[in-house]
file upload15.cif (mmCIF, C-alpha atoms and all ligand atoms; chains and numbers go by the auth columns)
data_final
#
loop_
_atom_site.group_PDB
_atom_site.id
_atom_site.type_symbol
_atom_site.label_atom_id
_atom_site.label_comp_id
_atom_site.label_asym_id
_atom_site.label_seq_id
_atom_site.Cartn_x
_atom_site.Cartn_y
_atom_site.Cartn_z
_atom_site.B_iso_or_equiv
_atom_site.auth_seq_id
_atom_site.auth_asym_id
ATOM 1 C CA MET A 1 13.551 -14.147 -6.889 0.00 1 A
ATOM 2 C CA LYS A 2 13.017 -10.995 -4.830 0.00 2 A
ATOM 3 C CA TYR A 3 9.763 -9.045 -4.901 0.00 3 A
ATOM 4 C CA LEU A 4 9.420 -5.499 -3.635 0.00 4 A
ATOM 5 C CA ILE A 5 6.019 -5.160 -1.915 0.00 5 A
ATOM 6 C CA ILE A 6 4.672 -1.613 -1.731 0.00 6 A
ATOM 7 C CA ALA A 7 1.285 -0.095 -0.922 0.00 7 A
ATOM 8 C CA ASP A 8 -0.318 3.327 -0.601 0.00 8 A
ATOM 9 C CA ILE A 9 2.265 5.442 -2.414 0.00 9 A
ATOM 10 C CA HIS A 10 -0.319 8.249 -2.388 0.00 10 A
ATOM 11 C CA SER A 11 1.424 10.608 -4.834 0.00 11 A
ATOM 12 C CA ASN A 12 4.440 10.907 -2.537 0.00 12 A
ATOM 13 C CA LEU A 13 7.384 10.884 -4.940 0.00 13 A
ATOM 14 C CA GLU A 14 10.058 11.482 -2.276 0.00 14 A
ATOM 15 C CA ALA A 15 8.874 8.533 -0.189 0.00 15 A
ATOM 16 C CA PHE A 16 8.549 6.320 -3.276 0.00 16 A
ATOM 17 C CA GLN A 17 12.040 7.166 -4.581 0.00 17 A
ATOM 18 C CA THR A 18 13.555 6.656 -1.118 0.00 18 A
ATOM 19 C CA VAL A 19 11.908 3.237 -0.800 0.00 19 A
ATOM 20 C CA LEU A 20 13.314 2.161 -4.186 0.00 20 A
ATOM 21 C CA ASP A 21 16.809 3.338 -3.199 0.00 21 A
ATOM 22 C CA ASP A 22 16.599 1.649 0.206 0.00 22 A
ATOM 23 C CA ALA A 23 15.287 -1.606 -1.274 0.00 23 A
ATOM 24 C CA ASN A 24 18.262 -1.628 -3.632 0.00 24 A
ATOM 25 C CA LYS A 25 20.582 -1.241 -0.645 0.00 25 A
ATOM 26 C CA MET A 26 18.807 -4.130 1.070 0.00 26 A
ATOM 27 C CA GLY A 27 19.786 -6.536 -1.681 0.00 27 A
ATOM 28 C CA GLY A 28 17.579 -5.307 -4.501 0.00 28 A
ATOM 29 C CA PHE A 29 14.552 -6.820 -6.193 0.00 29 A
ATOM 30 C CA GLU A 30 13.557 -8.212 -9.584 0.00 30 A
ATOM 31 C CA ARG A 31 9.810 -7.721 -9.471 0.00 31 A
ATOM 32 C CA VAL A 32 7.415 -5.191 -7.928 0.00 32 A
ATOM 33 C CA TRP A 33 4.025 -5.903 -6.391 0.00 33 A
ATOM 34 C CA CYS A 34 2.050 -2.716 -5.750 0.00 34 A
ATOM 35 C CA LEU A 35 -1.102 -2.955 -3.639 0.00 35 A
ATOM 36 C CA GLY A 36 -2.936 0.143 -4.831 0.00 36 A
ATOM 37 C CA ASP A 37 -3.563 3.788 -3.890 0.00 37 A
ATOM 38 C CA VAL A 38 -0.825 5.023 -6.184 0.00 38 A
ATOM 39 C CA VAL A 39 -2.467 8.474 -6.070 0.00 39 A
ATOM 40 C CA GLY A 40 -4.539 10.581 -3.689 0.00 40 A
ATOM 41 C CA TYR A 41 -3.461 12.943 -0.847 0.00 41 A
ATOM 42 C CA GLY A 42 0.057 13.807 -2.098 0.00 42 A
ATOM 43 C CA PRO A 43 1.517 16.349 -4.538 0.00 43 A
ATOM 44 C CA ASP A 44 2.928 14.165 -7.348 0.00 44 A
ATOM 45 C CA PRO A 45 0.251 11.862 -8.788 0.00 45 A
ATOM 46 C CA ALA A 46 1.458 11.912 -12.403 0.00 46 A
ATOM 47 C CA ALA A 47 5.152 11.527 -11.510 0.00 47 A
ATOM 48 C CA CYS A 48 4.378 8.592 -9.196 0.00 48 A
ATOM 49 C CA ILE A 49 2.378 6.833 -11.923 0.00 49 A
ATOM 50 C CA LYS A 50 5.277 7.344 -14.343 0.00 50 A
ATOM 51 C CA MET A 51 7.886 6.024 -11.897 0.00 51 A
ATOM 52 C CA LEU A 52 5.702 3.034 -11.101 0.00 52 A
ATOM 53 C CA GLN A 53 5.106 2.216 -14.770 0.00 53 A
ATOM 54 C CA GLU A 54 8.861 2.157 -15.372 0.00 54 A
ATOM 55 C CA LEU A 55 9.137 -0.655 -12.819 0.00 55 A
ATOM 56 C CA LYS A 56 6.634 -2.759 -14.813 0.00 56 A
ATOM 57 C CA PRO A 57 4.883 -3.850 -11.640 0.00 57 A
ATOM 58 C CA VAL A 58 2.013 -6.149 -10.935 0.00 58 A
ATOM 59 C CA CYS A 59 -0.361 -3.530 -9.559 0.00 59 A
ATOM 60 C CA ILE A 60 -3.948 -3.448 -8.352 0.00 60 A
ATOM 61 C CA SER A 61 -6.232 -0.480 -7.843 0.00 61 A
ATOM 62 C CA GLY A 62 -7.060 1.170 -4.529 0.00 62 A
ATOM 63 C CA ASN A 63 -10.055 3.256 -3.568 0.00 63 A
ATOM 64 C CA HIS A 64 -8.146 6.514 -4.191 0.00 64 A
ATOM 65 C CA ASP A 65 -7.137 5.375 -7.688 0.00 65 A
ATOM 66 C CA LEU A 66 -10.776 4.600 -8.477 0.00 66 A
ATOM 67 C CA ALA A 67 -11.893 7.894 -6.929 0.00 67 A
ATOM 68 C CA ALA A 68 -9.454 9.874 -9.114 0.00 68 A
ATOM 69 C CA LEU A 69 -11.195 8.295 -12.120 0.00 69 A
ATOM 70 C CA ASP A 70 -14.606 9.143 -10.719 0.00 70 A
ATOM 71 C CA LYS A 71 -15.379 5.421 -10.674 0.00 71 A
ATOM 72 C CA ILE A 72 -16.578 5.263 -7.080 0.00 72 A
ATOM 73 C CA ASP A 73 -18.787 7.339 -4.872 0.00 73 A
ATOM 74 C CA ILE A 74 -16.622 9.451 -2.549 0.00 74 A
ATOM 75 C CA SER A 75 -19.431 10.695 -0.315 0.00 75 A
ATOM 76 C CA ASP A 76 -17.827 8.918 2.634 0.00 76 A
ATOM 77 C CA PHE A 77 -14.412 10.537 2.002 0.00 77 A
ATOM 78 C CA ASN A 78 -13.762 13.254 4.590 0.00 78 A
ATOM 79 C CA ALA A 79 -13.604 16.860 3.341 0.00 79 A
ATOM 80 C CA ASP A 80 -9.788 16.915 3.071 0.00 80 A
ATOM 81 C CA ALA A 81 -9.631 13.623 1.187 0.00 81 A
ATOM 82 C CA ALA A 82 -12.396 14.762 -1.179 0.00 82 A
ATOM 83 C CA ARG A 83 -10.597 18.084 -1.880 0.00 83 A
ATOM 84 C CA ALA A 84 -7.309 16.269 -2.530 0.00 84 A
ATOM 85 C CA ASN A 85 -9.201 13.847 -4.749 0.00 85 A
ATOM 86 C CA ARG A 86 -10.537 16.622 -6.972 0.00 86 A
ATOM 87 C CA TRP A 87 -7.068 18.192 -7.150 0.00 87 A
ATOM 88 C CA THR A 88 -5.558 14.797 -8.060 0.00 88 A
ATOM 89 C CA ALA A 89 -8.100 14.177 -10.817 0.00 89 A
ATOM 90 C CA ASP A 90 -7.095 17.514 -12.405 0.00 90 A
ATOM 91 C CA GLN A 91 -3.406 16.516 -12.539 0.00 91 A
ATOM 92 C CA LEU A 92 -3.861 13.313 -14.537 0.00 92 A
ATOM 93 C CA SER A 93 -3.338 13.005 -18.279 0.00 93 A
ATOM 94 C CA ASP A 94 -5.432 10.689 -20.437 0.00 94 A
ATOM 95 C CA GLU A 95 -2.513 8.206 -20.356 0.00 95 A
ATOM 96 C CA ASP A 96 -2.371 8.347 -16.545 0.00 96 A
ATOM 97 C CA ARG A 97 -6.100 7.686 -16.386 0.00 97 A
ATOM 98 C CA ALA A 98 -5.831 4.802 -18.823 0.00 98 A
ATOM 99 C CA TYR A 99 -3.103 3.225 -16.680 0.00 99 A
ATOM 100 C CA LEU A 100 -5.149 3.477 -13.483 0.00 100 A
ATOM 101 C CA ASP A 101 -8.281 2.373 -15.309 0.00 101 A
ATOM 102 C CA ASP A 102 -6.615 -0.856 -16.441 0.00 102 A
ATOM 103 C CA LEU A 103 -5.617 -1.955 -12.935 0.00 103 A
ATOM 104 C CA PRO A 104 -7.507 -5.008 -11.661 0.00 104 A
ATOM 105 C CA GLU A 105 -8.958 -5.111 -8.129 0.00 105 A
ATOM 106 C CA VAL A 106 -7.446 -8.476 -7.213 0.00 106 A
ATOM 107 C CA VAL A 107 -4.594 -10.510 -8.714 0.00 107 A
ATOM 108 C CA TRP A 108 -3.018 -13.864 -7.929 0.00 108 A
ATOM 109 C CA GLN A 109 0.736 -14.413 -8.075 0.00 109 A
ATOM 110 C CA GLY A 110 1.822 -17.945 -7.160 0.00 110 A
ATOM 111 C CA ASP A 111 1.119 -18.451 -3.439 0.00 111 A
ATOM 112 C CA PHE A 112 -0.195 -14.898 -3.027 0.00 112 A
ATOM 113 C CA THR A 113 -3.477 -13.071 -3.474 0.00 113 A
ATOM 114 C CA LEU A 114 -3.052 -9.289 -3.810 0.00 114 A
ATOM 115 C CA ALA A 115 -5.927 -6.981 -2.820 0.00 115 A
ATOM 116 C CA HIS A 116 -5.903 -3.338 -1.718 0.00 116 A
ATOM 117 C CA GLY A 117 -8.192 -3.425 1.321 0.00 117 A
ATOM 118 C CA SER A 118 -9.212 -7.053 1.697 0.00 118 A
ATOM 119 C CA PRO A 119 -9.911 -10.052 -0.529 0.00 119 A
ATOM 120 C CA ARG A 120 -13.607 -9.817 0.462 0.00 120 A
ATOM 121 C CA TYR A 121 -14.162 -6.134 -0.391 0.00 121 A
ATOM 122 C CA PRO A 122 -10.953 -5.126 -2.224 0.00 122 A
ATOM 123 C CA ALA A 123 -11.525 -1.397 -2.575 0.00 123 A
ATOM 124 C CA TRP A 124 -12.991 -0.648 0.812 0.00 124 A
ATOM 125 C CA GLU A 125 -12.545 -3.006 3.723 0.00 125 A
ATOM 126 C CA TYR A 126 -9.891 -2.298 6.363 0.00 126 A
ATOM 127 C CA ILE A 127 -8.419 -5.401 7.994 0.00 127 A
ATOM 128 C CA THR A 128 -7.590 -3.955 11.396 0.00 128 A
ATOM 129 C CA ASN A 129 -8.444 -6.808 13.750 0.00 129 A
ATOM 130 C CA ALA A 130 -8.454 -10.587 14.098 0.00 130 A
ATOM 131 C CA TRP A 131 -12.224 -10.838 13.614 0.00 131 A
ATOM 132 C CA THR A 132 -12.143 -9.126 10.203 0.00 132 A
ATOM 133 C CA ALA A 133 -9.074 -11.165 9.280 0.00 133 A
ATOM 134 C CA THR A 134 -10.873 -14.396 10.251 0.00 134 A
ATOM 135 C CA GLU A 135 -13.718 -13.587 7.856 0.00 135 A
ATOM 136 C CA ASN A 136 -11.285 -12.671 5.100 0.00 136 A
ATOM 137 C CA PHE A 137 -9.314 -15.919 5.326 0.00 137 A
ATOM 138 C CA LYS A 138 -12.474 -17.524 3.818 0.00 138 A
ATOM 139 C CA HIS A 139 -12.284 -15.220 0.806 0.00 139 A
ATOM 140 C CA PHE A 140 -8.995 -16.300 -0.774 0.00 140 A
ATOM 141 C CA SER A 141 -7.623 -19.708 -1.627 0.00 141 A
ATOM 142 C CA THR A 142 -3.857 -19.098 -1.811 0.00 142 A
ATOM 143 C CA PRO A 143 -1.732 -19.650 1.317 0.00 143 A
ATOM 144 C CA TYR A 144 -0.981 -15.954 1.661 0.00 144 A
ATOM 145 C CA CYS A 145 -2.664 -12.634 0.986 0.00 145 A
ATOM 146 C CA LEU A 146 -1.094 -9.171 0.721 0.00 146 A
ATOM 147 C CA VAL A 147 -3.142 -6.071 1.508 0.00 147 A
ATOM 148 C CA GLY A 148 -2.617 -2.343 2.105 0.00 148 A
ATOM 149 C CA HIS A 149 -5.232 0.359 2.815 0.00 149 A
ATOM 150 C CA THR A 150 -4.701 0.759 6.600 0.00 150 A
ATOM 151 C CA HIS A 151 -1.172 2.183 6.110 0.00 151 A
ATOM 152 C CA VAL A 152 -0.084 0.127 9.154 0.00 152 A
ATOM 153 C CA PRO A 153 2.410 -2.754 8.803 0.00 153 A
ATOM 154 C CA PHE A 154 0.756 -5.839 10.212 0.00 154 A
ATOM 155 C CA VAL A 155 0.438 -9.612 9.981 0.00 155 A
ATOM 156 C CA PHE A 156 -2.478 -11.942 10.701 0.00 156 A
ATOM 157 C CA GLU A 157 -1.749 -15.655 11.019 0.00 157 A
ATOM 158 C CA GLN A 158 -4.415 -18.349 10.795 0.00 158 A
ATOM 159 C CA GLU A 159 -4.025 -21.098 13.365 0.00 159 A
ATOM 160 C CA ASP A 160 -6.933 -23.580 13.402 0.00 160 A
ATOM 161 C CA ILE A 161 -9.896 -21.429 14.429 0.00 161 A
ATOM 162 C CA LEU A 162 -7.724 -18.716 15.948 0.00 162 A
ATOM 163 C CA VAL A 163 -6.103 -15.784 14.206 0.00 163 A
ATOM 164 C CA ASN A 164 -2.926 -14.362 15.741 0.00 164 A
ATOM 165 C CA GLU A 165 -2.081 -10.753 14.993 0.00 165 A
ATOM 166 C CA GLY A 166 1.093 -8.723 15.225 0.00 166 A
ATOM 167 C CA TYR A 167 2.589 -5.364 14.332 0.00 167 A
ATOM 168 C CA LEU A 168 5.551 -5.505 11.960 0.00 168 A
ATOM 169 C CA GLY A 169 8.556 -3.471 13.107 0.00 169 A
ATOM 170 C CA ASN A 170 11.556 -2.339 11.081 0.00 170 A
ATOM 171 C CA GLY A 171 13.703 -5.387 10.282 0.00 171 A
ATOM 172 C CA ASP A 172 11.043 -7.940 11.264 0.00 172 A
ATOM 173 C CA MET A 173 11.085 -11.127 9.225 0.00 173 A
ATOM 174 C CA LEU A 174 8.197 -13.488 8.476 0.00 174 A
ATOM 175 C CA VAL A 175 9.123 -17.059 7.629 0.00 175 A
ATOM 176 C CA LEU A 176 6.542 -18.533 5.267 0.00 176 A
ATOM 177 C CA GLY A 177 5.439 -21.958 6.410 0.00 177 A
ATOM 178 C CA GLU A 178 2.273 -23.987 6.800 0.00 178 A
ATOM 179 C CA LYS A 179 0.181 -21.272 8.401 0.00 179 A
ATOM 180 C CA ARG A 180 -1.834 -18.965 6.174 0.00 180 A
ATOM 181 C CA LEU A 181 -1.053 -15.278 6.463 0.00 181 A
ATOM 182 C CA ILE A 182 -2.509 -11.888 5.613 0.00 182 A
ATOM 183 C CA VAL A 183 0.378 -9.406 5.443 0.00 183 A
ATOM 184 C CA ASN A 184 0.274 -5.620 5.184 0.00 184 A
ATOM 185 C CA PRO A 185 3.617 -3.963 4.319 0.00 185 A
ATOM 186 C CA GLY A 186 2.450 -0.572 5.683 0.00 186 A
ATOM 187 C CA GLY A 187 2.205 2.619 3.644 0.00 187 A
ATOM 188 C CA VAL A 188 4.924 4.128 1.457 0.00 188 A
ATOM 189 C CA GLY A 189 3.557 7.644 1.178 0.00 189 A
ATOM 190 C CA GLN A 190 1.408 8.250 4.262 0.00 190 A
ATOM 191 C CA PRO A 191 2.220 5.933 7.216 0.00 191 A
ATOM 192 C CA ARG A 192 -0.412 5.927 9.984 0.00 192 A
ATOM 193 C CA ASP A 193 1.254 4.089 12.866 0.00 193 A
ATOM 194 C CA ARG A 194 2.804 7.208 14.433 0.00 194 A
ATOM 195 C CA ASP A 195 6.062 6.400 12.661 0.00 195 A
ATOM 196 C CA PRO A 196 6.424 8.800 9.706 0.00 196 A
ATOM 197 C CA ARG A 197 9.086 6.711 7.953 0.00 197 A
ATOM 198 C CA ALA A 198 8.100 5.098 4.650 0.00 198 A
ATOM 199 C CA SER A 199 7.187 1.426 5.022 0.00 199 A
ATOM 200 C CA TYR A 200 7.684 -1.506 2.642 0.00 200 A
ATOM 201 C CA ALA A 201 8.612 -5.190 2.451 0.00 201 A
ATOM 202 C CA ILE A 202 10.700 -7.552 0.338 0.00 202 A
ATOM 203 C CA TYR A 203 9.632 -11.141 -0.335 0.00 203 A
ATOM 204 C CA ASP A 204 12.458 -13.565 -1.103 0.00 204 A
ATOM 205 C CA SER A 205 10.917 -16.596 -2.808 0.00 205 A
ATOM 206 C CA ASP A 206 14.121 -18.679 -2.507 0.00 206 A
ATOM 207 C CA GLU A 207 14.442 -18.134 1.236 0.00 207 A
ATOM 208 C CA ARG A 208 10.639 -18.104 1.680 0.00 208 A
ATOM 209 C CA VAL A 209 10.754 -15.015 3.896 0.00 209 A
ATOM 210 C CA ILE A 210 9.195 -11.555 3.894 0.00 210 A
ATOM 211 C CA ARG A 211 11.313 -8.813 5.452 0.00 211 A
ATOM 212 C CA HIS A 212 9.794 -5.533 6.562 0.00 212 A
ATOM 213 C CA TYR A 213 11.618 -2.200 6.466 0.00 213 A
ATOM 214 C CA ARG A 214 11.178 1.476 7.432 0.00 214 A
ATOM 215 C CA VAL A 215 13.163 4.323 5.934 0.00 215 A
ATOM 216 C CA GLU A 216 13.329 8.082 6.516 0.00 216 A
ATOM 217 C CA TYR A 217 12.619 10.284 3.522 0.00 217 A
ATOM 218 C CA PRO A 218 12.679 14.102 3.050 0.00 218 A
ATOM 219 C CA ILE A 219 9.173 14.754 4.399 0.00 219 A
ATOM 220 C CA GLY A 220 9.725 18.535 4.412 0.00 220 A
ATOM 221 C CA LEU A 221 10.144 18.541 0.656 0.00 221 A
ATOM 222 C CA THR A 222 6.857 16.700 0.117 0.00 222 A
ATOM 223 C CA GLN A 223 5.111 19.036 2.558 0.00 223 A
ATOM 224 C CA GLU A 224 6.466 22.095 0.761 0.00 224 A
ATOM 225 C CA LYS A 225 5.132 20.796 -2.567 0.00 225 A
ATOM 226 C CA MET A 226 1.742 20.183 -0.938 0.00 226 A
ATOM 227 C CA GLU A 227 1.656 23.739 0.420 0.00 227 A
ATOM 228 C CA ASN A 228 2.481 25.125 -3.015 0.00 228 A
ATOM 229 C CA ALA A 229 -0.294 23.024 -4.519 0.00 229 A
ATOM 230 C CA GLY A 230 -2.769 24.331 -1.942 0.00 230 A
ATOM 231 C CA LEU A 231 -3.523 20.878 -0.542 0.00 231 A
ATOM 232 C CA PRO A 232 -5.262 20.737 2.878 0.00 232 A
ATOM 233 C CA ASP A 233 -3.199 21.576 5.994 0.00 233 A
ATOM 234 C CA PHE A 234 -4.130 18.412 7.835 0.00 234 A
ATOM 235 C CA LEU A 235 -2.885 16.233 4.977 0.00 235 A
ATOM 236 C CA ILE A 236 0.403 18.165 5.074 0.00 236 A
ATOM 237 C CA GLY A 237 0.747 17.852 8.849 0.00 237 A
ATOM 238 C CA ARG A 238 -0.096 14.173 9.108 0.00 238 A
ATOM 239 C CA LEU A 239 2.953 13.155 7.061 0.00 239 A
ATOM 240 C CA GLY A 240 5.184 14.497 9.828 0.00 240 A
ATOM 241 C CA TRP A 241 3.111 12.941 12.600 0.00 241 A
ATOM 242 C CA GLY A 242 2.717 9.580 10.924 0.00 242 A
ATOM 243 C CA ILE A 243 -1.055 9.482 11.400 0.00 243 A
HETATM 244 ZN ZN ZN B . -4.427 4.442 1.084 0.00 301 A
#

call {"tool": "encode", "arguments": {"input": "upload15.cif", "output": "structure tokens", "more": "lines below"}}
Ligand code: ZN
result
Amino acid sequence: MKYLIIADIHSNLEAFQTVLDDANKMGGFERVWCLGDVVGYGPDPAACIKMLQELKPVCISGNHDLAALDKIDISDFNADAARANRWTADQLSDEDRAYLDDLPEVVWQGDFTLAHGSPRYPAWEYITNAWTATENFKHFSTPYCLVGHTHVPFVFEQEDILVNEGYLGNGDMLVLGEKRLIVNPGGVGQPRDRDPRASYAIYDSDERVIRHYRVEYPIGLTQEKMENAGLPDFLIGRLGWGI
């Protein structure tokens, strides 16, 4: 069975569609695991929710999904994120809200725990270093954990008391073995590793491997929609810079 692993779509329909097309070229997938932040920042929140629903994914909520529902305090969002959040909330129908509202914060699928930020603090914590990863390995019991939130493709590997860390490049392959892993597929709709290409992964449960991919999408089109919607300039610019 092949599982498409996506995170941080962030209302970016062009990136999302391109990832689906590319994943089909890479051998396709039968199931979708979505690690949250379906909305926020980008110009197509409702269309992204609709496209996601059609895939019948296993999906968890991210902090931006909760913020669009007014379910969390956004006082620590920066001004641009807060403005985009209010705009996003205005675009959602009652059905869209109900879909986001039903998403759990953590789910378990076989050998995997799925959490947006971290298994310890699912909505908020960024796993950006080995120390934070070390703490989080204590907070899930499956061999592997999938997270998003940082928008940077990365892997942490537990080895006795040490945690090894590594950036995931386009085409990199992780072979699942004895060692426990925390894997981040990177962001679909707003990559932040200075590579603006959409980022995703495919898990092949027969081969026991996770493959990571990057794909170019029509960023200019997304940026044009954001301009028309009056979304903040920095959020428009960062898509092109990959930050
Ligand atoms: Zn995000």

call {"tool": "residues_near_ligand", "arguments": {"input": "upload15.cif", "ligand": "ligand ZN 301 (chain A)", "cutoff": "12 Å", "atoms": "all atoms listed in the file", "output": "PyMOL selection string"}}
result
chain A and resi 6-12+34-42+61-67+77+81+116-117+123-126+147-152+184+186-192+243

call {"tool": "write_last_selection", "arguments": {"input": "upload15.cif", "atoms": "C-alpha atoms", "output": "short mmCIF file (atom, residue, chain, number, x, y, z; two decimals), keeping the file's coordinate frame"}}
result
data_model
loop_
_atom_site.label_atom_id
_atom_site.label_comp_id
_atom_site.auth_asym_id
_atom_site.auth_seq_id
_atom_site.Cartn_x
_atom_site.Cartn_y
_atom_site.Cartn_z
CA ILE A 6 4.67 -1.61 -1.73
CA ALA A 7 1.28 -0.10 -0.92
CA ASP A 8 -0.32 3.33 -0.60
CA ILE A 9 2.26 5.44 -2.41
CA HIS A 10 -0.32 8.25 -2.39
CA SER A 11 1.42 10.61 -4.83
CA ASN A 12 4.44 10.91 -2.54
CA CYS A 34 2.05 -2.72 -5.75
CA LEU A 35 -1.10 -2.96 -3.64
CA GLY A 36 -2.94 0.14 -4.83
CA ASP A 37 -3.56 3.79 -3.89
CA VAL A 38 -0.82 5.02 -6.18
CA VAL A 39 -2.47 8.47 -6.07
CA GLY A 40 -4.54 10.58 -3.69
CA TYR A 41 -3.46 12.94 -0.85
CA GLY A 42 0.06 13.81 -2.10
CA SER A 61 -6.23 -0.48 -7.84
CA GLY A 62 -7.06 1.17 -4.53
CA ASN A 63 -10.06 3.26 -3.57
CA HIS A 64 -8.15 6.51 -4.19
CA ASP A 65 -7.14 5.38 -7.69
CA LEU A 66 -10.78 4.60 -8.48
CA ALA A 67 -11.89 7.89 -6.93
CA PHE A 77 -14.41 10.54 2.00
CA ALA A 81 -9.63 13.62 1.19
CA HIS A 116 -5.90 -3.34 -1.72
CA GLY A 117 -8.19 -3.42 1.32
CA ALA A 123 -11.52 -1.40 -2.58
CA TRP A 124 -12.99 -0.65 0.81
CA GLU A 125 -12.54 -3.01 3.72
CA TYR A 126 -9.89 -2.30 6.36
CA VAL A 147 -3.14 -6.07 1.51
CA GLY A 148 -2.62 -2.34 2.10
CA HIS A 149 -5.23 0.36 2.82
CA THR A 150 -4.70 0.76 6.60
CA HIS A 151 -1.17 2.18 6.11
CA VAL A 152 -0.08 0.13 9.15
CA ASN A 184 0.27 -5.62 5.18
CA GLY A 186 2.45 -0.57 5.68
CA GLY A 187 2.20 2.62 3.64
CA VAL A 188 4.92 4.13 1.46
CA GLY A 189 3.56 7.64 1.18
CA GLN A 190 1.41 8.25 4.26
CA PRO A 191 2.22 5.93 7.22
CA ARG A 192 -0.41 5.93 9.98
CA ILE A 243 -1.06 9.48 11.40
#

call {"tool": "closest_residue", "arguments": {"input": "upload15.cif", "among": "A:Met51, A:Leu103, A:Leu162, A:Ala201", "to": "Val215 in chain A", "atoms": "only C-alpha atoms"}}
result
A:Ala201

call {"tool": "residues_near_point", "arguments": {"input": "upload15.cif", "point": "(2.8, -4.1, -9.5)", "cutoff": "6 Å", "atoms": "only C-alpha atoms", "output": "list in words"}}
result
Val32, Trp33, Cys34, Pro57, Val58 and Cys59 of chain A

call {"tool": "closest_residue", "arguments": {"input": "upload15.cif", "among": "A:Pro143, A:Gly237, A:Gly166, A:Gly110", "to": "Ala130 in chain A", "atoms": "all atoms listed in the file"}}
result
A:Gly166

call {"tool": "residues_around", "arguments": {"input": "upload15.cif", "residues": "Asp44 in chain A", "least_positions_apart": "2", "cutoff": "12 Å", "atoms": "all atoms listed in the file", "output": "PyMOL selection string"}}
result
chain A and resi 9-17+38-42+46-51+84+87-92+189+221-226+228-229+231

call {"tool": "atom_distance", "arguments": {"input": "upload15.cif", "atom1": "CA of Arg214 in chain A", "atom2": "CA of Leu239 in chain A"}}
result
14.3 Å

call {"tool": "atom_distance", "arguments": {"input": "upload15.cif", "atom1": "CA of Leu168 in chain A", "atom2": "CA of Pro153 in chain A"}}
result
5.2 Å

call {"tool": "closest_residue", "arguments": {"input": "upload15.cif", "among": "A:Phe156, A:Phe140, A:Phe234, A:Tyr3", "to": "Asn24 in chain A", "atoms": "all atoms listed in the file"}}
result
A:Tyr3

call {"tool": "resolve_selection", "arguments": {"input": "upload15.cif", "expression": "the PyMOL selection byres (((chain A and resi 203-205) around 9) and not hetatm)", "output": "PyMOL selection string"}}
result
chain A and resi 1-5+29+201-202+206-212

call {"tool": "write_last_selection", "arguments": {"input": "upload15.cif", "atoms": "C-alpha atoms", "output": "PDB file, keeping the file's coordinate frame"}}
result
ATOM      1  CA  MET A   1      13.551 -14.147  -6.889  1.00  0.00           C
ATOM      2  CA  LYS A   2      13.017 -10.995  -4.830  1.00  0.00           C
ATOM      3  CA  TYR A   3       9.763  -9.045  -4.901  1.00  0.00           C
ATOM      4  CA  LEU A   4       9.420  -5.499  -3.635  1.00  0.00           C
ATOM      5  CA  ILE A   5       6.019  -5.160  -1.915  1.00  0.00           C
ATOM      6  CA  PHE A  29      14.552  -6.820  -6.193  1.00  0.00           C
ATOM      7  CA  ALA A 201       8.612  -5.190   2.451  1.00  0.00           C
ATOM      8  CA  ILE A 202      10.700  -7.552   0.338  1.00  0.00           C
ATOM      9  CA  ASP A 206      14.121 -18.679  -2.507  1.00  0.00           C
ATOM     10  CA  GLU A 207      14.442 -18.134   1.236  1.00  0.00           C
ATOM     11  CA  ARG A 208      10.639 -18.104   1.680  1.00  0.00           C
ATOM     12  CA  VAL A 209      10.754 -15.015   3.896  1.00  0.00           C
ATOM     13  CA  ILE A 210       9.195 -11.555   3.894  1.00  0.00           C
ATOM     14  CA  ARG A 211      11.313  -8.813   5.452  1.00  0.00           C
ATOM     15  CA  HIS A 212       9.794  -5.533   6.562  1.00  0.00           C
TER      16      HIS A 212
END

call {"tool": "closest_residue", "arguments": {"input": "upload15.cif", "among": "A:Tyr213, A:Phe137, A:Trp131, A:Tyr200", "to": "Asn170 in chain A", "atoms": "only C-alpha atoms"}}
result
A:Tyr213

call {"tool": "atom_distance", "arguments": {"input": "upload15.cif", "atom1": "CA of Asp73 in chain A", "atom2": "CA of Ser118 in chain A"}}
result
18.5 Å

call {"tool": "resolve_selection", "arguments": {"input": "upload15.cif", "expression": "the PyMOL selection byres (((chain A and resi 196) around 7) and not hetatm)", "output": "count of residues only"}}
result
9
